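Colleague: Following this line is start03.pdb, made up of PDB, N, CA and C atoms, pLDDT in the B column:
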```pdb
ATOM      1  N   GLY A 108      84.198 109.078 119.749  1.00 70.00           N
ATOM      2  CA  GLY A 108      83.297 108.814 118.682  1.00 70.00           C
ATOM      3  C   GLY A 108      84.012 108.860 117.331  1.00 70.00           C
ATOM      4  N   ASN A 109      83.225 108.893 116.288  1.00 78.00           N
ATOM      5  CA  ASN A 109      83.784 108.917 114.937  1.00 78.00           C
ATOM      6  C   ASN A 109      84.587 110.180 114.665  1.00 78.00           C
ATOM      7  N   ASP A 110      84.149 111.314 115.235  1.00 85.00           N
ATOM      8  CA  ASP A 110      84.907 112.554 115.061  1.00 85.00           C
ATOM      9  C   ASP A 110      86.306 112.425 115.639  1.00 85.00           C
ATOM     10  N   THR A 111      86.396 111.794 116.801  1.00 84.00           N
ATOM     11  CA  THR A 111      87.694 111.618 117.444  1.00 84.00           C
ATOM     12  C   THR A 111      88.611 110.790 116.567  1.00 84.00           C
ATOM     13  N   LEU A 112      88.087 109.703 116.006  1.00 84.00           N
ATOM     14  CA  LEU A 112      88.894 108.853 115.131  1.00 84.00           C
ATOM     15  C   LEU A 112      89.310 109.608 113.876  1.00 84.00           C
ATOM     16  N   ALA A 113      88.392 110.378 113.310  1.00 89.00           N
ATOM     17  CA  ALA A 113      88.705 111.132 112.092  1.00 89.00           C
ATOM     18  C   ALA A 113      89.787 112.169 112.362  1.00 89.00           C
ATOM     19  N   TRP A 114      89.673 112.891 113.474  1.00 88.00           N
ATOM     20  CA  TRP A 114      90.690 113.894 113.812  1.00 88.00           C
ATOM     21  C   TRP A 114      92.013 113.218 114.134  1.00 88.00           C
ATOM     22  N   GLY A 115      91.957 112.075 114.800  1.00 89.00           N
ATOM     23  CA  GLY A 115      93.173 111.330 115.093  1.00 89.00           C
ATOM     24  C   GLY A 115      93.892 110.905 113.826  1.00 89.00           C
ATOM     25  N   ARG A 116      93.128 110.436 112.844  1.00 92.00           N
ATOM     26  CA  ARG A 116      93.712 110.064 111.547  1.00 92.00           C
ATOM     27  C   ARG A 116      94.334 111.275 110.871  1.00 92.00           C
ATOM     28  N   ARG A 117      93.649 112.410 110.930  1.00 93.00           N
ATOM     29  CA  ARG A 117      94.145 113.618 110.267  1.00 93.00           C
ATOM     30  C   ARG A 117      95.435 114.113 110.933  1.00 93.00           C
ATOM     31  N   VAL A 118      95.478 114.086 112.254  1.00 94.00           N
ATOM     32  CA  VAL A 118      96.682 114.494 112.970  1.00 94.00           C
ATOM     33  C   VAL A 118      97.850 113.586 112.577  1.00 94.00           C
ATOM     34  N   CYS A 119      97.586 112.283 112.481  1.00 95.00           N
ATOM     35  CA  CYS A 119      98.618 111.333 112.070  1.00 95.00           C
ATOM     36  C   CYS A 119      99.075 111.624 110.639  1.00 95.00           C
ATOM     37  N   GLU A 120      98.134 111.876 109.737  1.00 95.00           N
ATOM     38  CA  GLU A 120      98.471 112.182 108.337  1.00 95.00           C
ATOM     39  C   GLU A 120      99.365 113.421 108.243  1.00 95.00           C
ATOM     40  N   LEU A 121      99.147 114.368 109.133  1.00 94.00           N
ATOM     41  CA  LEU A 121      99.931 115.607 109.133  1.00 94.00           C
ATOM     42  C   LEU A 121     101.266 115.436 109.855  1.00 94.00           C
ATOM     43  N   GLY A 122     101.501 114.248 110.390  1.00 95.00           N
ATOM     44  CA  GLY A 122     102.758 113.986 111.080  1.00 95.00           C
ATOM     45  C   GLY A 122     102.840 114.585 112.469  1.00 95.00           C
ATOM     46  N   ALA A 123     101.698 115.043 113.001  1.00 96.00           N
ATOM     47  CA  ALA A 123     101.688 115.725 114.286  1.00 96.00           C
ATOM     48  C   ALA A 123     101.305 114.812 115.454  1.00 96.00           C
ATOM     49  N   GLY A 124     101.116 113.534 115.186  1.00 95.00           N
ATOM     50  CA  GLY A 124     100.759 112.595 116.248  1.00 95.00           C
ATOM     51  C   GLY A 124     100.880 111.175 115.745  1.00 95.00           C
ATOM     52  N   PRO A 125     100.961 110.228 116.663  1.00 96.00           N
ATOM     53  CA  PRO A 125     101.088 108.826 116.269  1.00 96.00           C
ATOM     54  C   PRO A 125      99.760 108.278 115.746  1.00 96.00           C
ATOM     55  N   ARG A 126      99.855 107.155 115.072  1.00 92.00           N
ATOM     56  CA  ARG A 126      98.655 106.465 114.587  1.00 92.00           C
ATOM     57  C   ARG A 126      97.832 106.014 115.787  1.00 92.00           C
ATOM     58  N   ALA A 127      96.522 106.167 115.687  1.00 89.00           N
ATOM     59  CA  ALA A 127      95.629 105.726 116.760  1.00 89.00           C
ATOM     60  C   ALA A 127      95.737 104.211 116.923  1.00 89.00           C
ATOM     61  N   ILE A 128      95.620 103.773 118.145  1.00 91.00           N
ATOM     62  CA  ILE A 128      95.674 102.344 118.434  1.00 91.00           C
ATOM     63  C   ILE A 128      94.241 101.862 118.653  1.00 91.00           C
ATOM     64  N   PRO A 129      93.764 100.945 117.806  1.00 89.00           N
ATOM     65  CA  PRO A 129      92.413 100.410 118.026  1.00 89.00           C
ATOM     66  C   PRO A 129      92.318  99.758 119.405  1.00 89.00           C
ATOM     67  N   ARG A 130      91.198  99.912 120.055  1.00 89.00           N
ATOM     68  CA  ARG A 130      91.013  99.395 121.412  1.00 89.00           C
ATOM     69  C   ARG A 130      91.388  97.914 121.511  1.00 89.00           C
ATOM     70  N   LYS A 131      91.038  97.128 120.492  1.00 93.00           N
ATOM     71  CA  LYS A 131      91.326  95.686 120.516  1.00 93.00           C
ATOM     72  C   LYS A 131      92.826  95.398 120.460  1.00 93.00           C
ATOM     73  N   LYS A 132      93.612  96.346 119.944  1.00 93.00           N
ATOM     74  CA  LYS A 132      95.060  96.145 119.815  1.00 93.00           C
ATOM     75  C   LYS A 132      95.862  96.916 120.853  1.00 93.00           C
ATOM     76  N   LEU A 133      95.161  97.556 121.789  1.00 95.00           N
ATOM     77  CA  LEU A 133      95.840  98.347 122.807  1.00 95.00           C
ATOM     78  C   LEU A 133      96.577  97.433 123.780  1.00 95.00           C
ATOM     79  N   SER A 134      97.840  97.701 123.935  1.00 97.00           N
ATOM     80  CA  SER A 134      98.674  96.964 124.880  1.00 97.00           C
ATOM     81  C   SER A 134      99.701  97.936 125.432  1.00 97.00           C
ATOM     82  N   ALA A 135     100.383  97.528 126.480  1.00 97.00           N
ATOM     83  CA  ALA A 135     101.428  98.379 127.049  1.00 97.00           C
ATOM     84  C   ALA A 135     102.502  98.647 126.004  1.00 97.00           C
ATOM     85  N   GLU A 136     102.853  97.647 125.226  1.00 97.00           N
ATOM     86  CA  GLU A 136     103.888  97.803 124.197  1.00 97.00           C
ATOM     87  C   GLU A 136     103.447  98.781 123.107  1.00 97.00           C
ATOM     88  N   ALA A 137     102.192  98.639 122.646  1.00 96.00           N
ATOM     89  CA  ALA A 137     101.688  99.538 121.605  1.00 96.00           C
ATOM     90  C   ALA A 137     101.618 100.975 122.123  1.00 96.00           C
ATOM     91  N   LEU A 138     101.162 101.141 123.363  1.00 96.00           N
ATOM     92  CA  LEU A 138     101.060 102.478 123.947  1.00 96.00           C
ATOM     93  C   LEU A 138     102.449 103.092 124.134  1.00 96.00           C
ATOM     94  N   ALA A 139     103.405 102.291 124.587  1.00 96.00           N
ATOM     95  CA  ALA A 139     104.774 102.782 124.758  1.00 96.00           C
ATOM     96  C   ALA A 139     105.343 103.240 123.417  1.00 96.00           C
ATOM     97  N   GLY A 140     105.059 102.489 122.353  1.00 96.00           N
ATOM     98  CA  GLY A 140     105.528 102.879 121.022  1.00 96.00           C
ATOM     99  C   GLY A 140     104.921 104.188 120.566  1.00 96.00           C
ATOM    100  N   ALA A 141     103.632 104.368 120.836  1.00 96.00           N
ATOM    101  CA  ALA A 141     102.958 105.611 120.444  1.00 96.00           C
ATOM    102  C   ALA A 141     103.512 106.800 121.231  1.00 96.00           C
ATOM    103  N   ILE A 142     103.781 106.601 122.509  1.00 96.00           N
ATOM    104  CA  ILE A 142     104.336 107.682 123.329  1.00 96.00           C
ATOM    105  C   ILE A 142     105.737 108.044 122.840  1.00 96.00           C
ATOM    106  N   THR A 143     106.529 107.040 122.538  1.00 96.00           N
ATOM    107  CA  THR A 143     107.874 107.294 122.011  1.00 96.00           C
ATOM    108  C   THR A 143     107.804 108.072 120.705  1.00 96.00           C
ATOM    109  N   ALA A 144     106.897 107.668 119.825  1.00 95.00           N
ATOM    110  CA  ALA A 144     106.741 108.368 118.546  1.00 95.00           C
ATOM    111  C   ALA A 144     106.315 109.817 118.775  1.00 95.00           C
ATOM    112  N   ALA A 145     105.370 110.037 119.692  1.00 95.00           N
ATOM    113  CA  ALA A 145     104.862 111.386 119.959  1.00 95.00           C
ATOM    114  C   ALA A 145     105.949 112.291 120.535  1.00 95.00           C
ATOM    115  N   ARG A 146     106.935 111.701 121.181  1.00 95.00           N
ATOM    116  CA  ARG A 146     108.006 112.493 121.782  1.00 95.00           C
ATOM    117  C   ARG A 146     109.145 112.759 120.808  1.00 95.00           C
ATOM    118  N   SER A 147     109.080 112.199 119.612  1.00 96.00           N
ATOM    119  CA  SER A 147     110.163 112.409 118.650  1.00 96.00           C
ATOM    120  C   SER A 147     110.221 113.879 118.246  1.00 96.00           C
ATOM    121  N   GLU A 148     111.414 114.343 117.942  1.00 97.00           N
ATOM    122  CA  GLU A 148     111.605 115.755 117.582  1.00 97.00           C
ATOM    123  C   GLU A 148     110.772 116.134 116.362  1.00 97.00           C
ATOM    124  N   LEU A 149     110.747 115.265 115.360  1.00 96.00           N
ATOM    125  CA  LEU A 149     110.003 115.550 114.131  1.00 96.00           C
ATOM    126  C   LEU A 149     108.511 115.700 114.410  1.00 96.00           C
ATOM    127  N   MET A 150     107.947 114.784 115.214  1.00 96.00           N
ATOM    128  CA  MET A 150     106.516 114.847 115.509  1.00 96.00           C
ATOM    129  C   MET A 150     106.203 116.037 116.410  1.00 96.00           C
ATOM    130  N   ARG A 151     107.072 116.334 117.355  1.00 96.00           N
ATOM    131  CA  ARG A 151     106.847 117.490 118.227  1.00 96.00           C
ATOM    132  C   ARG A 151     106.865 118.786 117.422  1.00 96.00           C
ATOM    133  N   LYS A 152     107.772 118.884 116.461  1.00 96.00           N
ATOM    134  CA  LYS A 152     107.839 120.081 115.624  1.00 96.00           C
ATOM    135  C   LYS A 152     106.576 120.206 114.769  1.00 96.00           C
ATOM    136  N   ALA A 153     106.126 119.093 114.174  1.00 96.00           N
ATOM    137  CA  ALA A 153     104.911 119.119 113.348  1.00 96.00           C
ATOM    138  C   ALA A 153     103.704 119.508 114.196  1.00 96.00           C
ATOM    139  N   ALA A 154     103.619 118.998 115.429  1.00 95.00           N
ATOM    140  CA  ALA A 154     102.505 119.331 116.315  1.00 95.00           C
ATOM    141  C   ALA A 154     102.529 120.818 116.681  1.00 95.00           C
ATOM    142  N   ALA A 155     103.720 121.355 116.942  1.00 95.00           N
ATOM    143  CA  ALA A 155     103.835 122.778 117.268  1.00 95.00           C
ATOM    144  C   ALA A 155     103.410 123.649 116.089  1.00 95.00           C
ATOM    145  N   GLU A 156     103.823 123.268 114.888  1.00 95.00           N
ATOM    146  CA  GLU A 156     103.447 124.035 113.694  1.00 95.00           C
ATOM    147  C   GLU A 156     101.949 123.962 113.447  1.00 95.00           C
ATOM    148  N   LEU A 157     101.358 122.779 113.643  1.00 93.00           N
ATOM    149  CA  LEU A 157      99.908 122.638 113.475  1.00 93.00           C
ATOM    150  C   LEU A 157      99.172 123.477 114.508  1.00 93.00           C
ATOM    151  N   GLY A 158      99.643 123.461 115.747  1.00 92.00           N
ATOM    152  CA  GLY A 158      99.022 124.273 116.793  1.00 92.00           C
ATOM    153  C   GLY A 158      99.059 125.755 116.465  1.00 92.00           C
ATOM    154  N   GLU A 159     100.176 126.210 115.922  1.00 91.00           N
ATOM    155  CA  GLU A 159     100.289 127.623 115.550  1.00 91.00           C
ATOM    156  C   GLU A 159      99.306 127.982 114.443  1.00 91.00           C
ATOM    157  N   LYS A 160      99.170 127.111 113.450  1.00 89.00           N
ATOM    158  CA  LYS A 160      98.210 127.358 112.360  1.00 89.00           C
ATOM    159  C   LYS A 160      96.788 127.430 112.900  1.00 89.00           C
ATOM    160  N   ILE A 161      96.454 126.528 113.814  1.00 87.00           N
ATOM    161  CA  ILE A 161      95.105 126.511 114.392  1.00 87.00           C
ATOM    162  C   ILE A 161      94.857 127.787 115.186  1.00 87.00           C
ATOM    163  N   ARG A 162      95.856 128.222 115.969  1.00 87.00           N
ATOM    164  CA  ARG A 162      95.689 129.451 116.764  1.00 87.00           C
ATOM    165  C   ARG A 162      95.496 130.681 115.879  1.00 87.00           C
ATOM    166  N   GLN A 163      96.020 130.662 114.663  1.00 87.00           N
ATOM    167  CA  GLN A 163      95.891 131.803 113.762  1.00 87.00           C
ATOM    168  C   GLN A 163      94.529 131.859 113.077  1.00 87.00           C
ATOM    169  N   GLU A 164      93.785 130.756 113.130  1.00 86.00           N
ATOM    170  CA  GLU A 164      92.467 130.735 112.486  1.00 86.00           C
ATOM    171  C   GLU A 164      91.430 131.397 113.385  1.00 86.00           C
ATOM    172  N   ASN A 165      90.440 131.980 112.758  1.00 84.00           N
ATOM    173  CA  ASN A 165      89.324 132.591 113.477  1.00 84.00           C
ATOM    174  C   ASN A 165      88.032 131.939 112.997  1.00 84.00           C
ATOM    175  N   GLY A 166      87.991 130.622 113.037  1.00 84.00           N
ATOM    176  CA  GLY A 166      86.868 129.870 112.476  1.00 84.00           C
ATOM    177  C   GLY A 166      85.507 130.317 112.957  1.00 84.00           C
ATOM    178  N   ALA A 167      85.307 130.378 114.271  1.00 86.00           N
ATOM    179  CA  ALA A 167      84.000 130.757 114.811  1.00 86.00           C
ATOM    180  C   ALA A 167      83.668 132.198 114.466  1.00 86.00           C
ATOM    181  N   GLU A 168      84.645 133.073 114.568  1.00 87.00           N
ATOM    182  CA  GLU A 168      84.417 134.484 114.245  1.00 87.00           C
ATOM    183  C   GLU A 168      84.088 134.657 112.764  1.00 87.00           C
ATOM    184  N   ASP A 169      84.851 133.972 111.901  1.00 87.00           N
ATOM    185  CA  ASP A 169      84.587 134.058 110.459  1.00 87.00           C
ATOM    186  C   ASP A 169      83.205 133.504 110.114  1.00 87.00           C
ATOM    187  N   ALA A 170      82.820 132.404 110.755  1.00 87.00           N
ATOM    188  CA  ALA A 170      81.498 131.815 110.498  1.00 87.00           C
ATOM    189  C   ALA A 170      80.392 132.771 110.939  1.00 87.00           C
ATOM    190  N   ALA A 171      80.536 133.359 112.123  1.00 89.00           N
ATOM    191  CA  ALA A 171      79.529 134.301 112.621  1.00 89.00           C
ATOM    192  C   ALA A 171      79.415 135.506 111.696  1.00 89.00           C
ATOM    193  N   ARG A 172      80.536 136.009 111.233  1.00 90.00           N
ATOM    194  CA  ARG A 172      80.536 137.157 110.329  1.00 90.00           C
ATOM    195  C   ARG A 172      79.794 136.804 109.026  1.00 90.00           C
ATOM    196  N   GLU A 173      80.056 135.619 108.504  1.00 90.00           N
ATOM    197  CA  GLU A 173      79.409 135.196 107.250  1.00 90.00           C
ATOM    198  C   GLU A 173      77.906 135.010 107.448  1.00 90.00           C
ATOM    199  N   ILE A 174      77.515 134.426 108.586  1.00 92.00           N
ATOM    200  CA  ILE A 174      76.090 134.248 108.860  1.00 92.00           C
ATOM    201  C   ILE A 174      75.401 135.603 108.962  1.00 92.00           C
ATOM    202  N   CYS A 175      76.014 136.552 109.651  1.00 93.00           N
ATOM    203  CA  CYS A 175      75.434 137.899 109.773  1.00 93.00           C
ATOM    204  C   CYS A 175      75.343 138.566 108.401  1.00 93.00           C
ATOM    205  N   ARG A 176      76.351 138.358 107.571  1.00 91.00           N
ATOM    206  CA  ARG A 176      76.340 138.948 106.232  1.00 91.00           C
ATOM    207  C   ARG A 176      75.191 138.376 105.404  1.00 91.00           C
ATOM    208  N   VAL A 177      75.012 137.079 105.456  1.00 94.00           N
ATOM    209  CA  VAL A 177      73.962 136.435 104.659  1.00 94.00           C
ATOM    210  C   VAL A 177      72.582 136.817 105.169  1.00 94.00           C
ATOM    211  N   LEU A 178      72.415 136.862 106.478  1.00 93.00           N
ATOM    212  CA  LEU A 178      71.107 137.188 107.063  1.00 93.00           C
ATOM    213  C   LEU A 178      70.834 138.674 107.086  1.00 93.00           C
ATOM    214  N   GLY A 179      71.932 139.478 107.018  1.00 82.00           N
ATOM    215  CA  GLY A 179      71.947 140.898 107.162  1.00 82.00           C
ATOM    216  C   GLY A 179      70.951 141.699 106.544  1.00 82.00           C
TER     217      GLY A 179
END
```
In structure tokens, how does this file's structure come out?
Modeller:
Amino acid sequence: GNDTLAWGRRVCELGAGPRAIPRKKLSAEALAGAITAARSELMRKAAAELGEKIRQENGAEDAAREICRVLG
């Protein structure tokens, strides 16, 4: 859906993944290029760093705490 496309764009902007391939432009060549890009050292490092940042977040816990504080 739209969320998937938005997250895909954001991952690409952060250098942690290849540009999404629109369904109409999907081909073996385009997919091979995206896989090659995703396997590059630079992109793999960016993806690892992004994953670490995400693991350090406590989004759901922080949201629940804030909701309890407001309703408290």
Colleague: Can you work out the spacing between CA of Asp169 (chain A) and atom N of Leu157 (chain A) in Å, to one decimal?
Modeller: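 According to the coordinates, CA of Asp169 (chain A) and atom N of Leu157 (chain A) are separated by 20.5 Å.
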Colleague: Between atom C of Cys119 (chain A) and atom N of Gly166 (chain A), what is the distance, to one decimal in Å?
Modeller: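 Spanning atom C of Cys119 (chain A) to atom N of Gly166 (chain A) is a straight-line distance of 22.1 Å.
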Colleague: Evaluated on this file, the PyMOL selection byres ((chain A and resi 143-153) around 7) picks out some residues - which ones are they, written as JSON, numbers by chain?
Modeller: {"A": [121, 122, 123, 124, 125, 138, 139, 140, 141, 142, 154, 155, 156, 157, 158]}
Colleague: To one decimal place in Å, what is the distance between atom C of Ala113 (chain A) and atom N of Lys131 (chain A)?
Modeller: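 Distance reported for this atom pair: 17.1 Å.
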Colleague: Using only C-alpha atoms for the distances, tell me which of A:Leu112, A:Val177, A:Ile161, A:Ala171 is nearest to Ile128 (chain A).
Modeller: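 Ranked by minimum distance to Ile128 (chain A), first place goes to A:Leu112.
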Colleague: If you run DSSP on the backbone, which residues of chain A are helix (DSSP H, G or I), as number ranges by chain?
Modeller: A: 109-120, 130-132, 135-145, 148-163, 166-178
Colleague: Give me region 144-168 of chain A with N, CA, C and O atoms filled in, as a PDB file, in the coordinates of the input.
Modeller:
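The result, written out as rebuild15.pdb:
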```pdb
ATOM      1  N   ALA A 144     106.897 107.668 119.825  1.00 95.00           N
ATOM      2  CA  ALA A 144     106.741 108.368 118.546  1.00 95.00           C
ATOM      3  C   ALA A 144     106.315 109.817 118.775  1.00 95.00           C
ATOM      4  O   ALA A 144     106.844 110.736 118.144  1.00 95.00           O
ATOM      5  N   ALA A 145     105.370 110.037 119.692  1.00 95.00           N
ATOM      6  CA  ALA A 145     104.862 111.386 119.959  1.00 95.00           C
ATOM      7  C   ALA A 145     105.949 112.291 120.535  1.00 95.00           C
ATOM      8  O   ALA A 145     105.896 113.503 120.360  1.00 95.00           O
ATOM      9  N   ARG A 146     106.935 111.701 121.181  1.00 95.00           N
ATOM     10  CA  ARG A 146     108.006 112.493 121.782  1.00 95.00           C
ATOM     11  C   ARG A 146     109.145 112.759 120.808  1.00 95.00           C
ATOM     12  O   ARG A 146     110.070 113.514 121.140  1.00 95.00           O
ATOM     13  N   SER A 147     109.080 112.199 119.612  1.00 96.00           N
ATOM     14  CA  SER A 147     110.163 112.409 118.650  1.00 96.00           C
ATOM     15  C   SER A 147     110.221 113.879 118.246  1.00 96.00           C
ATOM     16  O   SER A 147     109.208 114.582 118.218  1.00 96.00           O
ATOM     17  N   GLU A 148     111.414 114.343 117.942  1.00 97.00           N
ATOM     18  CA  GLU A 148     111.605 115.755 117.582  1.00 97.00           C
ATOM     19  C   GLU A 148     110.772 116.134 116.362  1.00 97.00           C
ATOM     20  O   GLU A 148     110.148 117.196 116.318  1.00 97.00           O
ATOM     21  N   LEU A 149     110.747 115.265 115.360  1.00 96.00           N
ATOM     22  CA  LEU A 149     110.003 115.550 114.131  1.00 96.00           C
ATOM     23  C   LEU A 149     108.511 115.700 114.410  1.00 96.00           C
ATOM     24  O   LEU A 149     107.871 116.648 113.943  1.00 96.00           O
ATOM     25  N   MET A 150     107.947 114.784 115.214  1.00 96.00           N
ATOM     26  CA  MET A 150     106.516 114.847 115.509  1.00 96.00           C
ATOM     27  C   MET A 150     106.203 116.037 116.410  1.00 96.00           C
ATOM     28  O   MET A 150     105.184 116.712 116.219  1.00 96.00           O
ATOM     29  N   ARG A 151     107.072 116.334 117.355  1.00 96.00           N
ATOM     30  CA  ARG A 151     106.847 117.490 118.227  1.00 96.00           C
ATOM     31  C   ARG A 151     106.865 118.786 117.422  1.00 96.00           C
ATOM     32  O   ARG A 151     106.045 119.681 117.644  1.00 96.00           O
ATOM     33  N   LYS A 152     107.772 118.884 116.461  1.00 96.00           N
ATOM     34  CA  LYS A 152     107.839 120.081 115.624  1.00 96.00           C
ATOM     35  C   LYS A 152     106.576 120.206 114.769  1.00 96.00           C
ATOM     36  O   LYS A 152     106.006 121.289 114.654  1.00 96.00           O
ATOM     37  N   ALA A 153     106.126 119.093 114.174  1.00 96.00           N
ATOM     38  CA  ALA A 153     104.911 119.119 113.348  1.00 96.00           C
ATOM     39  C   ALA A 153     103.704 119.508 114.196  1.00 96.00           C
ATOM     40  O   ALA A 153     102.839 120.274 113.749  1.00 96.00           O
ATOM     41  N   ALA A 154     103.619 118.998 115.429  1.00 95.00           N
ATOM     42  CA  ALA A 154     102.505 119.331 116.315  1.00 95.00           C
ATOM     43  C   ALA A 154     102.529 120.818 116.681  1.00 95.00           C
ATOM     44  O   ALA A 154     101.485 121.475 116.710  1.00 95.00           O
ATOM     45  N   ALA A 155     103.720 121.355 116.942  1.00 95.00           N
ATOM     46  CA  ALA A 155     103.835 122.778 117.268  1.00 95.00           C
ATOM     47  C   ALA A 155     103.410 123.649 116.089  1.00 95.00           C
ATOM     48  O   ALA A 155     102.700 124.644 116.259  1.00 95.00           O
ATOM     49  N   GLU A 156     103.823 123.268 114.888  1.00 95.00           N
ATOM     50  CA  GLU A 156     103.447 124.035 113.694  1.00 95.00           C
ATOM     51  C   GLU A 156     101.949 123.962 113.447  1.00 95.00           C
ATOM     52  O   GLU A 156     101.318 124.968 113.107  1.00 95.00           O
ATOM     53  N   LEU A 157     101.358 122.779 113.643  1.00 93.00           N
ATOM     54  CA  LEU A 157      99.908 122.638 113.475  1.00 93.00           C
ATOM     55  C   LEU A 157      99.172 123.477 114.508  1.00 93.00           C
ATOM     56  O   LEU A 157      98.204 124.175 114.183  1.00 93.00           O
ATOM     57  N   GLY A 158      99.643 123.461 115.747  1.00 92.00           N
ATOM     58  CA  GLY A 158      99.022 124.273 116.793  1.00 92.00           C
ATOM     59  C   GLY A 158      99.059 125.755 116.465  1.00 92.00           C
ATOM     60  O   GLY A 158      98.081 126.471 116.678  1.00 92.00           O
ATOM     61  N   GLU A 159     100.176 126.210 115.922  1.00 91.00           N
ATOM     62  CA  GLU A 159     100.289 127.623 115.550  1.00 91.00           C
ATOM     63  C   GLU A 159      99.306 127.982 114.443  1.00 91.00           C
ATOM     64  O   GLU A 159      98.657 129.026 114.484  1.00 91.00           O
ATOM     65  N   LYS A 160      99.170 127.111 113.450  1.00 89.00           N
ATOM     66  CA  LYS A 160      98.210 127.358 112.360  1.00 89.00           C
ATOM     67  C   LYS A 160      96.788 127.430 112.900  1.00 89.00           C
ATOM     68  O   LYS A 160      96.002 128.286 112.499  1.00 89.00           O
ATOM     69  N   ILE A 161      96.454 126.528 113.814  1.00 87.00           N
ATOM     70  CA  ILE A 161      95.105 126.511 114.392  1.00 87.00           C
ATOM     71  C   ILE A 161      94.857 127.787 115.186  1.00 87.00           C
ATOM     72  O   ILE A 161      93.779 128.382 115.103  1.00 87.00           O
ATOM     73  N   ARG A 162      95.856 128.222 115.969  1.00 87.00           N
ATOM     74  CA  ARG A 162      95.689 129.451 116.764  1.00 87.00           C
ATOM     75  C   ARG A 162      95.496 130.681 115.879  1.00 87.00           C
ATOM     76  O   ARG A 162      94.879 131.655 116.294  1.00 87.00           O
ATOM     77  N   GLN A 163      96.020 130.662 114.663  1.00 87.00           N
ATOM     78  CA  GLN A 163      95.891 131.803 113.762  1.00 87.00           C
ATOM     79  C   GLN A 163      94.529 131.859 113.077  1.00 87.00           C
ATOM     80  O   GLN A 163      94.166 132.883 112.518  1.00 87.00           O
ATOM     81  N   GLU A 164      93.785 130.756 113.130  1.00 86.00           N
ATOM     82  CA  GLU A 164      92.467 130.735 112.486  1.00 86.00           C
ATOM     83  C   GLU A 164      91.430 131.397 113.385  1.00 86.00           C
ATOM     84  O   GLU A 164      91.531 131.364 114.598  1.00 86.00           O
ATOM     85  N   ASN A 165      90.440 131.980 112.758  1.00 84.00           N
ATOM     86  CA  ASN A 165      89.324 132.591 113.477  1.00 84.00           C
ATOM     87  C   ASN A 165      88.032 131.939 112.997  1.00 84.00           C
ATOM     88  O   ASN A 165      87.104 132.620 112.591  1.00 84.00           O
ATOM     89  N   GLY A 166      87.991 130.622 113.037  1.00 84.00           N
ATOM     90  CA  GLY A 166      86.868 129.870 112.476  1.00 84.00           C
ATOM     91  C   GLY A 166      85.507 130.317 112.957  1.00 84.00           C
ATOM     92  O   GLY A 166      84.615 130.621 112.164  1.00 84.00           O
ATOM     93  N   ALA A 167      85.307 130.378 114.271  1.00 86.00           N
ATOM     94  CA  ALA A 167      84.000 130.757 114.811  1.00 86.00           C
ATOM     95  C   ALA A 167      83.668 132.198 114.466  1.00 86.00           C
ATOM     96  O   ALA A 167      82.532 132.515 114.073  1.00 86.00           O
ATOM     97  N   GLU A 168      84.645 133.073 114.568  1.00 87.00           N
ATOM     98  CA  GLU A 168      84.417 134.484 114.245  1.00 87.00           C
ATOM     99  C   GLU A 168      84.088 134.657 112.764  1.00 87.00           C
ATOM    100  O   GLU A 168      83.160 135.390 112.404  1.00 87.00           O
TER     101      GLU A 168
END
```
